[in-house]
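Engineer: Sharing a structure here in structure tokens format.
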Amino acid sequence: MGTHVYIAKASEIDRTLSLTHTHTTHRHTHVHTHTKSGGGRSSSGNFNANQDAETLYKAMKGLGTDEDSIMKLLTSRSNSQRQQIKAAYKTLHGKDLVGDLQGELGGKFETLVVALMTPPILYDVTSLRNAIKGAGTDEKVLIEILSSRTAQQIKDITAAYRQEFNKNLEEDVTGDTSGHFRRLLVILLQVRGQRSGEHRSGIYRCTLFSAGEKKFGTDEEQFITILGNRSAEHLRRVFAAYMKLAGYEMEESIQRETSGGLRDLLLAVVKCARSVPAYFAETLYYSMKGGGTDDQTLIRVMVSRSEVDMLDIRADYRRLFAKSLHSAIQGDTSGDYRKALLLLCGGNDA
């Protein structure tokens, strides 16, 4: 096939990495934000859980339901405040707030509201459990959560999964997947806990760069080894070195040389190492692109990122797709569901 395989010696990669290190790190200082500075929704200032519980009770009492009041209140509170409202509602009315909301609302709007009322880690573990159990595996959910969460979040998710379902997440994942795809998922589950530290020993072992199309041999292994065990900062340096030595981006190589779930997972890991908000901007774009809307993904991302990096996601969406996230949601959804999503989104970066 006229292929040419390039094996870079450790010293060569080392040299390339050290040359690119200074450029890469300062260029990526704004990347990978998991803090409030990334534009998440922060706690509401004049917060009174009892008052909010009463507002919600009144909105559901009697014949009609005041959906506007419900969505405005819940989208303007942080998740921890929603938990306090839930507790106050139980104390004041002796009823479960989520149960009452489910009784009053319906459809996608109800799904969105229930998601907003779920603590973040519990929301992640429930999403993972639903993705695994049942006939087929929803690979998309496994890929999205396991490649984008921080090391600490993965630890918390694993513990919460055991507590909630009395099951081992890693065992459930391995029982439901296969091959290289399974192997990388397991590495992400295991190694995330160490990813903040560099494993200097053996980091610059001979790495395979293949220039041009070639039949698959060891490359899947190489990709998994390189991408599974590194901190985001180190991966960005590897990508820069790869670009210098191979002449094209890591993503191109993955696109060309892998397929199916493994390709999607490898790409997600690379994209998240480059920028988590840009990864989610793209995820949102594809959830609304084409004929139908992938509402599950749209809800999951809007809810799980609303307090993390929504402003960054909006900025990346505007930059990558030349339209605002607000206008995309506006054009793709309807009714109370649309109104609530737009409140979560915030402003229109038209």
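Identifiers in this document derive from the order of the structure tokens: chains are assigned A, B, ..., residues are numbered from 1 separately in each chain, and ligands are numbered from 1 in order of occurrence.
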Could you give me, as JSON lines, a per-residue list for stretch 88-140 of chain A showing, wherever an atom lies at most 10 Å from an atom of stretch 281-295 of chain A, the closest pair of atoms and their distance in Å to one decimal, using only C-alpha atoms and sorting by chain then residue number from low to high?

Structural biologist:
{"residue": "A:Lys108", "atom": "CA", "partner": "A:Asp295", "partner_atom": "CA", "distance": 7.7}
{"residue": "A:Thr111", "atom": "CA", "partner": "A:Asp295", "partner_atom": "CA", "distance": 9.7}
{"residue": "A:Leu112", "atom": "CA", "partner": "A:Asp295", "partner_atom": "CA", "distance": 9.6}

Engineer: Between atom CA of A:Leu266 and atom CA of A:Phe181, measure the distance and give it in Å to one decimal.

Structural biologist: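 It comes out at 8.8 Å.
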
Engineer: Considering only C-alpha atoms, return as JSON, numbers by chain whatever protein or nucleic-acid residues lie within 9 Å of A:Ala350, sequence-local ones (same chain, fewer than 5 positions apart) excluded.

Structural biologist: {"A": [318, 322, 323, 324, 325, 326, 327]}

Engineer: Output all heavy atoms of each residue in that selection to a file, as a PDB file, in the first residue's frame.

Structural biologist:
ATOM      1  N   ARG A 318     -19.753  28.944  19.637  1.00  0.00           N
ATOM      2  CA  ARG A 318     -19.786  30.098  18.729  1.00  0.00           C
ATOM      3  C   ARG A 318     -18.582  30.059  17.782  1.00  0.00           C
ATOM      4  O   ARG A 318     -18.694  30.287  16.584  1.00  0.00           O
ATOM      5  CB  ARG A 318     -19.733  31.383  19.579  1.00  0.00           C
ATOM      6  CG  ARG A 318     -19.899  32.669  18.795  1.00  0.00           C
ATOM      7  CD  ARG A 318     -21.370  33.012  18.635  1.00  0.00           C
ATOM      8  NE  ARG A 318     -21.623  34.048  17.634  1.00  0.00           N
ATOM      9  CZ  ARG A 318     -21.531  33.867  16.323  1.00  0.00           C
ATOM     10  NH1 ARG A 318     -21.126  32.729  15.832  1.00  0.00           N
ATOM     11  NH2 ARG A 318     -21.836  34.849  15.481  1.00  0.00           N
ATOM     12  N   ALA A 322     -19.940  28.868  14.243  1.00  0.00           N
ATOM     13  CA  ALA A 322     -20.401  30.155  13.712  1.00  0.00           C
ATOM     14  C   ALA A 322     -21.876  30.448  13.997  1.00  0.00           C
ATOM     15  O   ALA A 322     -22.545  31.149  13.247  1.00  0.00           O
ATOM     16  CB  ALA A 322     -20.124  30.232  12.203  1.00  0.00           C
ATOM     17  N   LYS A 323     -22.391  29.884  15.072  1.00  0.00           N
ATOM     18  CA  LYS A 323     -23.727  30.243  15.554  1.00  0.00           C
ATOM     19  C   LYS A 323     -23.738  30.038  17.059  1.00  0.00           C
ATOM     20  O   LYS A 323     -22.867  29.358  17.599  1.00  0.00           O
ATOM     21  CB  LYS A 323     -24.814  29.418  14.862  1.00  0.00           C
ATOM     22  CG  LYS A 323     -24.820  27.939  15.221  1.00  0.00           C
ATOM     23  CD  LYS A 323     -25.724  27.132  14.306  1.00  0.00           C
ATOM     24  CE  LYS A 323     -27.160  27.132  14.798  1.00  0.00           C
ATOM     25  NZ  LYS A 323     -27.993  26.112  14.107  1.00  0.00           N
ATOM     26  N   SER A 324     -24.704  30.619  17.718  1.00  0.00           N
ATOM     27  CA  SER A 324     -24.716  30.484  19.176  1.00  0.00           C
ATOM     28  C   SER A 324     -25.419  29.196  19.600  1.00  0.00           C
ATOM     29  O   SER A 324     -26.297  28.694  18.893  1.00  0.00           O
ATOM     30  CB  SER A 324     -25.416  31.680  19.815  1.00  0.00           C
ATOM     31  OG  SER A 324     -26.805  31.644  19.506  1.00  0.00           O
ATOM     32  N   LEU A 325     -25.017  28.681  20.752  1.00  0.00           N
ATOM     33  CA  LEU A 325     -25.677  27.502  21.326  1.00  0.00           C
ATOM     34  C   LEU A 325     -27.150  27.827  21.573  1.00  0.00           C
ATOM     35  O   LEU A 325     -28.035  27.005  21.312  1.00  0.00           O
ATOM     36  CB  LEU A 325     -24.982  27.098  22.640  1.00  0.00           C
ATOM     37  CG  LEU A 325     -25.618  25.957  23.438  1.00  0.00           C
ATOM     38  CD1 LEU A 325     -25.694  24.672  22.614  1.00  0.00           C
ATOM     39  CD2 LEU A 325     -24.838  25.701  24.734  1.00  0.00           C
ATOM     40  N   HIS A 326     -27.403  29.047  22.031  1.00  0.00           N
ATOM     41  CA  HIS A 326     -28.765  29.517  22.299  1.00  0.00           C
ATOM     42  C   HIS A 326     -29.639  29.369  21.053  1.00  0.00           C
ATOM     43  O   HIS A 326     -30.749  28.824  21.110  1.00  0.00           O
ATOM     44  CB  HIS A 326     -28.698  30.979  22.753  1.00  0.00           C
ATOM     45  CG  HIS A 326     -29.972  31.511  23.332  1.00  0.00           C
ATOM     46  ND1 HIS A 326     -31.029  31.894  22.552  1.00  0.00           N
ATOM     47  CD2 HIS A 326     -30.355  31.733  24.622  1.00  0.00           C
ATOM     48  CE1 HIS A 326     -32.011  32.340  23.338  1.00  0.00           C
ATOM     49  NE2 HIS A 326     -31.624  32.241  24.596  1.00  0.00           N
ATOM     50  N   SER A 327     -29.131  29.854  19.909  1.00  0.00           N
ATOM     51  CA  SER A 327     -29.939  29.799  18.678  1.00  0.00           C
ATOM     52  C   SER A 327     -30.119  28.359  18.196  1.00  0.00           C
ATOM     53  O   SER A 327     -31.158  28.014  17.620  1.00  0.00           O
ATOM     54  CB  SER A 327     -29.319  30.663  17.583  1.00  0.00           C
ATOM     55  OG  SER A 327     -28.076  30.130  17.172  1.00  0.00           O
TER      56      SER A 327
END

Engineer: Write out as JSON, numbers by chain each polymer residue whose atoms come within 12 Å of stretch 162-165 of chain A, counting only C-alpha atoms; drop sequence neighbours fewer than 3 positions from it.

Structural biologist: {"A": [121, 122, 123, 124, 125, 126, 128, 129, 130, 133, 155, 156, 157, 158, 159, 168, 169, 170, 171, 172]}
